[in-house]
Every structure is written in structure tokens, then in C-alpha cells.
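Visitor: Got a structure for you, questions after.
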Amino acid sequence: AEVKHCGTITALNTVYSTPEDQRYPLDCEAAEGDTVYLTDLDVTAGAGLNIAEVEVYSLSTKKAELNEQCIKRDFDYHGADIRRQGDIESVEECIRLCQDVDGCVAVAYKASTTSCWFKNMENGANPGVKVGVDSANLFCSAELNEQCIKRDFDYHGADIRRQGDIESVEECIRLCQDVDGCVAVAYKASTTSCWFKNMENGANPGVKVGVDSANLFCSGEEAPSGPKLDIVSAVAYNWYNNNIPANAHDGDENTIYSADDNNVTINWIKITLDQQYAIGRVTIIAKNDGTGNAFQERIKGTQVFAYNSDPEEEVADCGTITEVDGLVYNLDCGGAEGDMIYVTDTEHGGAALNFVEIYIYSDLPAEQQLVIASAEADSQYRKNGPANAHDGDMATCYFANDGHMATNWLKLHLSGTFFISTVIVVNRWDGGSYFGGRLENTAVYVYAGGGGGEALRYHHRP
């Protein structure tokens, strides 16, 4: 089944000097699939699908597989049926199909009859033990993983309501599932208080000792952390500079950036990145010199924003350090797209913005190229085998001629199901536009279940 149309190549670069001139990335938006399907939408173009290479990337090389803990074996979510569908090979396939059925939130599957029942109620209407039947809810967090809970961190704001006498953050999370609109919680053990939130990460997340927070829809694993980003420059405003702004990102935690506002103006420092990123974590290291907490206390009230530089505008409030505890403070910008971090002081506490280092991390990990396990193709004839499209050799091309009759296609099968982020099609660069121009109107799709191709062989895609 088709999962995602990643795009169609409609405009070609007119330079054909090297393969780098003819790389065409298409965004598959982390579509979950196991096959990349390419086809030629222009049946009048003669020799279509002239491709030197196809590269497939994911943000993680971990296969996208259903957590076994989500499936209740020998247990029937009986009743609340939408309909039954036969010839289903597994409970995993039954769950995947449920996602495309209006109102489906759970399934029951019987292997002996290859039958799948789609349900409009989680756990069905009358759940119970039944040997030979496996059931699952579509929205399943399995057992909550400790990594889903952010300790000493407050998802502040966006409150639905507060509830007291709650024994743990885990109980708080379980209760959230029954509160309309609840997608996150914050829990304070000292007062046994649970706050239900209508916004993931709350409205103003930040460090707060004694508060634990969590999003309800957590995969059970932390998202892979992104790489540390390169800082190009820093500028600052304050009444006077005790240290130059570059000390805030020089990689030396013994040299300090310190600014004093003389209780009159608000200090700020702007940290500029080398380009736009989805900004995730910002880590600030507090001063560790001085007597006791004489300097460390001044980190309180430090506020971080993600910004765009052109035009200069705020894109995210990453949070404020509201409690002083230790030297390391992490603030979450939530993947906001920007190229600048803006740090300011909200306390007006004399010598403000005292810290030794700031680190900025991408919200997304670096893309990793996936291994293509096999390839198959259909065309009137093949000049070269389909494997040439992914053999890593730019000099050998996959070339298929449709004879002006049928739409060619090429299927690249992965080793499993992945969240596919980018597909890069490298055009033929030999022969200039004579061959290279044939890439125009090539469309790329992500498929699940190895589909695509046969049903579309003799007509265009819609």
C-alpha cells in the first residue's frame, strides 16, 4: 500500500558536469515503509527512469516495529465491532489496517481463521481471556519507560486542572489517559499533586527541582539526540562586559561570560548558528567559582529563546531556569526552526547572565543512509539491471525504456520497515541533457508491504 508521495522531480539543473550537479532530494517526512517506489509519469518521454543512483535515508536505522508489549496474546477485545476483514496474515497487519479505518481504535485477531475485527472502543466492549485470539489498542504506550519521564523538569502552563492525593508520576500519567484533552502531565511529589496538560511539554517548560513531567504519547524510548551544532558568532548587550561574548561558546568551562546590568537594563546575548536547524536542547553550564552559591544563584531567571535572524523574530520560548540546583541546565526548544539562540535575564538581579558555556543541539539526529536489500523493475526492456540503481557506482546507470506505451517503475526493497526521511535520486550526468533530461516527471513514493508497481503498470498515477 502507498504510504507517502515524496514528490515528483519537475525542474532539472541545467549543469551536468558531475553527479553532485544532478542530486535531487525528496522529502518523505519520516513515512513508515519498507519500499521506495519510483515511476515515470511522462509516457511520451521515450526512455524514462534514467537514474545513476538512488539513496534512501532515515533519522534512525532502527526498524519501526510494533512493541510486543502492546499486544495481548490469548485475549479478546470482544464487542464494539466496526467490521470484520478476512485473509489477514498477522495481528501486526491487522493493526496497520486499523489505522486506515474510520473510528478504529483497537483490534482483535484470530490466526486460525485469518480474521481481523476492527473496534470503535479501546479494549472492546467486553474484554476477556480467549485462547487463539490476540488483541491490541491502536494507541499503545506499552509499559511507561523511565526515559519518558523528565525528572526535575516542569511542563509548566497549559493546565486543564490539578488533582491531589496522587502517589506517583506514573499514577498521574495513567489518570491523564481518562481526562479529555490531556496529552501531558507534571507531578510534584512533595504535595502529591498532578497537573493535567492540554499541550505536550506544557506552555513554558523549564528546570524545576522536585517536579517530574511526561508526555502521554511517549514511544518508550528517548528520541535519538541530535548532534551539537556549530556556533558561528555571538553578540551581547549589557551595561558593561566583564568577558567577551565568545567566552559563552569557546568550549572552555573555565572562562566565563559575565554581564552586569547595574539593575537598570536587561542583559542579552545572541548566539548565531551556521544555518537553520530544528533546535532541540540548549544546555547552559553555570559558574562554579565563588563562595558557596554566590555566583551560581545568578543563573536563576535566565531565559532562552529560539530565533530566526532574517527577519529577526522569536520562534520558540525554550524555557526559564526557575530553580537553582547544580551546574547543568537543559532547556527544550521543541524542534523550533531557527538559526539563533537568544538568552536574557528576567530577574534583574545585579550581575546577570553569569555562565561559563552554552551548547546547542539539533532536535533531529543526522540522517543515516539505509541499506537497500534488493530491487525489481518493470519496463519493456532493461538496458541495465535494477541493482545498478543502488550499487554505489555513479558510472553504471539504471536505464529503462517504456516504448511510449507503459509507465516504467522501479522498486527498492529495504531490509525492514523504517521511518524514511529523504530519498535522493542522482540523475545521469553523462551525455548532458540528452540523457539527464529524461529524469523529469519521475515520481517517488514510500510503500509498506512491498507494494506498488503492478497495478499501475499501464496508466499514470493520479
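Residues in the C-alpha cells are numbered from 1 in each chain, the chains being A, B, ... in the order shown, and ligands are numbered from 1 in the order shown.
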Residues at most 8 Å from A:Ser233, counting only C-alpha atoms, excluding those fewer than 3 positions away in the same chain, as a short mmCIF file (atom, residue, chain, number, x, y, z; two decimals) with all heavy atoms, in the first residue's frame?

Guide:
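The resulting file, part_34.cif, is reproduced below:
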```cif
data_model
loop_
_atom_site.label_atom_id
_atom_site.label_comp_id
_atom_site.auth_asym_id
_atom_site.auth_seq_id
_atom_site.Cartn_x
_atom_site.Cartn_y
_atom_site.Cartn_z
N ALA A 246 32.20 35.73 23.16
CA ALA A 246 32.69 34.45 22.65
C ALA A 246 33.03 33.47 23.77
O ALA A 246 33.07 32.25 23.54
CB ALA A 246 33.92 34.66 21.76
N ILE A 271 23.40 34.08 20.19
CA ILE A 271 24.33 33.07 19.69
C ILE A 271 23.86 32.67 18.30
O ILE A 271 22.75 32.15 18.13
CB ILE A 271 24.35 31.82 20.60
CG1 ILE A 271 24.54 32.22 22.06
CG2 ILE A 271 25.39 30.83 20.13
CD1 ILE A 271 25.88 32.70 22.43
N THR A 272 24.68 32.88 17.29
CA THR A 272 24.28 32.63 15.90
C THR A 272 24.85 31.31 15.40
O THR A 272 26.05 31.04 15.55
CB THR A 272 24.77 33.78 14.99
OG1 THR A 272 24.24 35.01 15.49
CG2 THR A 272 24.28 33.57 13.57
N LEU A 273 23.99 30.49 14.79
CA LEU A 273 24.38 29.20 14.21
C LEU A 273 24.78 29.40 12.75
O LEU A 273 24.57 30.47 12.17
CB LEU A 273 23.23 28.21 14.32
CG LEU A 273 22.68 27.99 15.73
CD1 LEU A 273 21.42 27.16 15.69
CD2 LEU A 273 23.73 27.34 16.62
#
```

Visitor: If we count only C-alpha atoms, what is near A:Lys130 at a cut-off of 7 Å, once residues fewer than 3 positions away on the same chain are taken out, given as a short mmCIF file (atom, residue, chain, number, x, y, z; two decimals) with N, CA and C atoms, in the first residue's frame?

Guide:
```
data_model
loop_
_atom_site.label_atom_id
_atom_site.label_comp_id
_atom_site.auth_asym_id
_atom_site.auth_seq_id
_atom_site.Cartn_x
_atom_site.Cartn_y
_atom_site.Cartn_z
N ASP A 74 -3.73 -14.28 23.45
CA ASP A 74 -4.79 -15.12 24.02
C ASP A 74 -5.77 -14.29 24.86
N PHE A 75 -6.14 -13.14 24.29
CA PHE A 75 -7.05 -12.23 24.98
C PHE A 75 -7.90 -11.54 23.92
N ASP A 76 -9.21 -11.48 24.15
CA ASP A 76 -10.15 -10.98 23.14
C ASP A 76 -10.75 -9.65 23.58
N VAL A 133 -6.87 -15.87 20.23
CA VAL A 133 -7.18 -14.51 19.80
C VAL A 133 -6.16 -13.55 20.40
#
```

Visitor: Leaving out stretch 177-192 of chain A and any residue of its chain fewer than 2 positions from it, which residues lie within 6 Å of it when counting only C-alpha atoms, given as number ranges by chain?

Guide: A: 155, 164-166, 169, 174-175, 194-198, 200, 211-216

Visitor: Looking at only C-alpha atoms, which of A:Ile299, A:Ala278, A:Val371, A:Cys333 is the one that sits closest to A:Tyr257?

Guide: A:Ile299

Visitor: Taking only stretch 73-272 of chain A into account, list the residues labelled strand (DSSP E or B) by DSSP (computed from the backbone), as a PyMOL selection string.

Guide: chain A and resi 75-76+81-85+106-110+115-119+128-129+133-137+149-150+153-154+159-163+184-188+193-197+206-207+211-215+228+231-237+240-241+257-260+268-272

Visitor: Pick from A:Gln99, A:Asn50, A:Ser433, A:Ser17: nearest to A:Pro386, with only C-alpha atoms counted?

Guide: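 Closest to A:Pro386 of all the choices is A:Asn50.
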
Visitor: Need the shell around stretch 356-363 of chain A: protein/DNA/RNA residues with any atom at most 6 Å away, counting only C-alpha atoms. Skip same-chain ones fewer than 3 positions apart. Format as a count of residues only?

Guide: 20

Visitor: Suppose you want the space between atom CA of A:Ser415 and atom CA of A:Ile372; what is it in Å?

Guide: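 Separating atom CA of A:Ser415 from atom CA of A:Ile372 is a distance of 6.7 Å.
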
Visitor: Would you pick out the contacts of A:Leu138 at 7 Å or less, using only C-alpha atoms, so that residues sharing its chain but fewer than 5 positions from it are not included, and give the list as a ChimeraX atom specification?

Guide: /A:95,105-106

Visitor: Which is closest to A:Thr35 among A:Val101, A:Val209, A:Ala448, A:Ile71, if we use only C-alpha atoms?

Guide: A:Ala448
